[in-house]
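Let me begin by presenting the structure, written as structure tokens, before commenting on it.
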Amino acid sequence: MVETQWVALRLAERSDGSPALPAQLDDTTYVPDTAEVVDSLIARSLIRDDRLSESGRETVARIEHRIEELTSGIWEAVYPADRVAAERALNTVLDRARAVLVSR
């Protein structure tokens, strides 16, 4: 799985189907052919009707678990108050980045 497919899966996880997943991906990334990314996930039965299929939900859960395994040691070494501050700062950066992408 490549980064753009992961982003598409995460968008599909939060999607109500509108707008269509390729349009959501286009608004979020700089992928030249978002339909191709979505089609690749449909072909793998991970997405159906611009939403996660059961297999897609299982795949996302499995990957999230693996990410947690790989990164938990990073966050365990940070004081709890610093983790909260880092989360707040990173979410602010993410929110602002999304706003920039929407306005492009």
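Chain labels A, B, ... are given in the sequence in which chains occur in the structure tokens; within each chain residues are numbered consecutively from 1, and ligands are likewise numbered from 1 in the order shown.
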
Just list as an mmCIF file with N, CA, C and O atoms, in the first residue's frame whatever in range 22-58 of chain A DSSP marks as helix (DSSP H, G or I).
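Listing of out-v3.cif after writing:
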data_model
loop_
_atom_site.group_PDB
_atom_site.id
_atom_site.type_symbol
_atom_site.label_atom_id
_atom_site.label_comp_id
_atom_site.auth_asym_id
_atom_site.auth_seq_id
_atom_site.Cartn_x
_atom_site.Cartn_y
_atom_site.Cartn_z
ATOM 1 N N PRO A 22 -12.877 10.257 -5.177
ATOM 2 C CA PRO A 22 -11.811 10.875 -5.972
ATOM 3 C C PRO A 22 -11.750 12.400 -5.791
ATOM 4 O O PRO A 22 -10.665 12.980 -5.725
ATOM 5 N N ALA A 23 -12.897 13.047 -5.653
ATOM 6 C CA ALA A 23 -12.925 14.497 -5.442
ATOM 7 C C ALA A 23 -12.352 14.846 -4.069
ATOM 8 O O ALA A 23 -11.601 15.820 -3.933
ATOM 9 N N GLN A 24 -12.685 14.053 -3.053
ATOM 10 C CA GLN A 24 -12.117 14.285 -1.719
ATOM 11 C C GLN A 24 -10.606 14.132 -1.744
ATOM 12 O O GLN A 24 -9.881 14.932 -1.153
ATOM 13 N N LEU A 25 -10.140 13.106 -2.433
ATOM 14 C CA LEU A 25 -8.702 12.856 -2.533
ATOM 15 C C LEU A 25 -8.014 13.978 -3.298
ATOM 16 O O LEU A 25 -6.931 14.423 -2.925
ATOM 17 N N ASP A 26 -8.667 14.469 -4.328
ATOM 18 C CA ASP A 26 -8.116 15.579 -5.107
ATOM 19 C C ASP A 26 -7.981 16.831 -4.240
ATOM 20 O O ASP A 26 -7.020 17.581 -4.373
ATOM 21 N N ASP A 27 -8.928 17.053 -3.340
ATOM 22 C CA ASP A 27 -8.883 18.214 -2.449
ATOM 23 C C ASP A 27 -7.841 18.066 -1.341
ATOM 24 O O ASP A 27 -7.484 19.048 -0.705
ATOM 25 N N THR A 28 -7.376 16.845 -1.108
ATOM 26 C CA THR A 28 -6.492 16.559 0.013
ATOM 27 C C THR A 28 -5.044 16.318 -0.395
ATOM 28 O O THR A 28 -4.144 16.507 0.402
ATOM 29 N N THR A 34 -6.511 10.841 -9.181
ATOM 30 C CA THR A 34 -7.147 10.317 -7.978
ATOM 31 C C THR A 34 -8.093 9.163 -8.284
ATOM 32 O O THR A 34 -8.223 8.244 -7.481
ATOM 33 N N ALA A 35 -8.718 9.190 -9.447
ATOM 34 C CA ALA A 35 -9.615 8.088 -9.820
ATOM 35 C C ALA A 35 -8.840 6.776 -9.911
ATOM 36 O O ALA A 35 -9.347 5.718 -9.519
ATOM 37 N N GLU A 36 -7.611 6.843 -10.394
ATOM 38 C CA GLU A 36 -6.776 5.637 -10.496
ATOM 39 C C GLU A 36 -6.476 5.068 -9.105
ATOM 40 O O GLU A 36 -6.504 3.848 -8.906
ATOM 41 N N VAL A 37 -6.197 5.945 -8.149
ATOM 42 C CA VAL A 37 -5.937 5.497 -6.775
ATOM 43 C C VAL A 37 -7.173 4.807 -6.212
ATOM 44 O O VAL A 37 -7.091 3.707 -5.656
ATOM 45 N N VAL A 38 -8.324 5.440 -6.357
ATOM 46 C CA VAL A 38 -9.568 4.864 -5.847
ATOM 47 C C VAL A 38 -9.880 3.553 -6.574
ATOM 48 O O VAL A 38 -10.256 2.557 -5.941
ATOM 49 N N ASP A 39 -9.701 3.530 -7.883
ATOM 50 C CA ASP A 39 -9.947 2.296 -8.646
ATOM 51 C C ASP A 39 -9.064 1.151 -8.157
ATOM 52 O O ASP A 39 -9.509 0.000 -8.109
ATOM 53 N N SER A 40 -7.820 1.458 -7.785
ATOM 54 C CA SER A 40 -6.919 0.401 -7.295
ATOM 55 C C SER A 40 -7.429 -0.181 -5.978
ATOM 56 O O SER A 40 -7.274 -1.382 -5.723
ATOM 57 N N LEU A 41 -8.056 0.653 -5.162
ATOM 58 C CA LEU A 41 -8.614 0.169 -3.897
ATOM 59 C C LEU A 41 -9.927 -0.589 -4.112
ATOM 60 O O LEU A 41 -10.215 -1.553 -3.398
ATOM 61 N N ILE A 42 -10.691 -0.163 -5.089
ATOM 62 C CA ILE A 42 -11.905 -0.900 -5.456
ATOM 63 C C ILE A 42 -11.521 -2.288 -5.968
ATOM 64 O O ILE A 42 -12.137 -3.296 -5.597
ATOM 65 N N ALA A 43 -10.477 -2.350 -6.789
ATOM 66 C CA ALA A 43 -10.017 -3.629 -7.345
ATOM 67 C C ALA A 43 -9.558 -4.586 -6.247
ATOM 68 O O ALA A 43 -9.674 -5.800 -6.397
ATOM 69 N N GLU A 54 -16.026 -3.993 4.270
ATOM 70 C CA GLU A 54 -15.630 -4.725 5.479
ATOM 71 C C GLU A 54 -14.138 -5.038 5.428
ATOM 72 O O GLU A 54 -13.426 -4.868 6.418
ATOM 73 N N SER A 55 -13.675 -5.488 4.281
ATOM 74 C CA SER A 55 -12.249 -5.774 4.108
ATOM 75 C C SER A 55 -11.421 -4.505 4.283
ATOM 76 O O SER A 55 -10.320 -4.542 4.857
ATOM 77 N N GLY A 56 -11.936 -3.383 3.816
ATOM 78 C CA GLY A 56 -11.248 -2.104 3.985
ATOM 79 C C GLY A 56 -11.141 -1.722 5.451
ATOM 80 O O GLY A 56 -10.095 -1.252 5.912
ATOM 81 N N ARG A 57 -12.230 -1.916 6.197
ATOM 82 C CA ARG A 57 -12.203 -1.618 7.640
ATOM 83 C C ARG A 57 -11.187 -2.504 8.354
ATOM 84 O O ARG A 57 -10.450 -2.035 9.226
ATOM 85 N N GLU A 58 -11.144 -3.770 7.984
ATOM 86 C CA GLU A 58 -10.174 -4.686 8.597
ATOM 87 C C GLU A 58 -8.746 -4.277 8.257
ATOM 88 O O GLU A 58 -7.855 -4.330 9.113
#

Every residue of chain A that DSSP places in strand (DSSP E or B), as a ChimeraX atom specification: /A:47-48,51-52

Tell me which protein, DNA and RNA residues are within 10 Å of range 59-68 of chain A, counting only C-alpha atoms, leaving out same-chain ones fewer than 6 positions away, and put them as a VMD selection string. chain A and resid 6 9 to 10 13 46 52 to 53 74 to 75

A:Leu70, A:Val100, A:Ala89, A:Met1: which is nearest Thr29 in chain A, counting only C-alpha atoms? A:Val100

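For the atom pair formed by CA of Asp16 in chain A and CA of Ile47 in chain A, the distance is 12.7 Å, given to one decimal.
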
List the neighbours of Ala12 in chain A out to 7 Å using only C-alpha atoms; skip same-chain residues closer than 4 positions along the sequence, and give me the result as a VMD selection string. chain A and resid 8 21 50 to 52

If I take CA of Ala20 in chain A and CA of Asp49 in chain A, how far is one from the other in Å, to one decimal? 8.6 Å
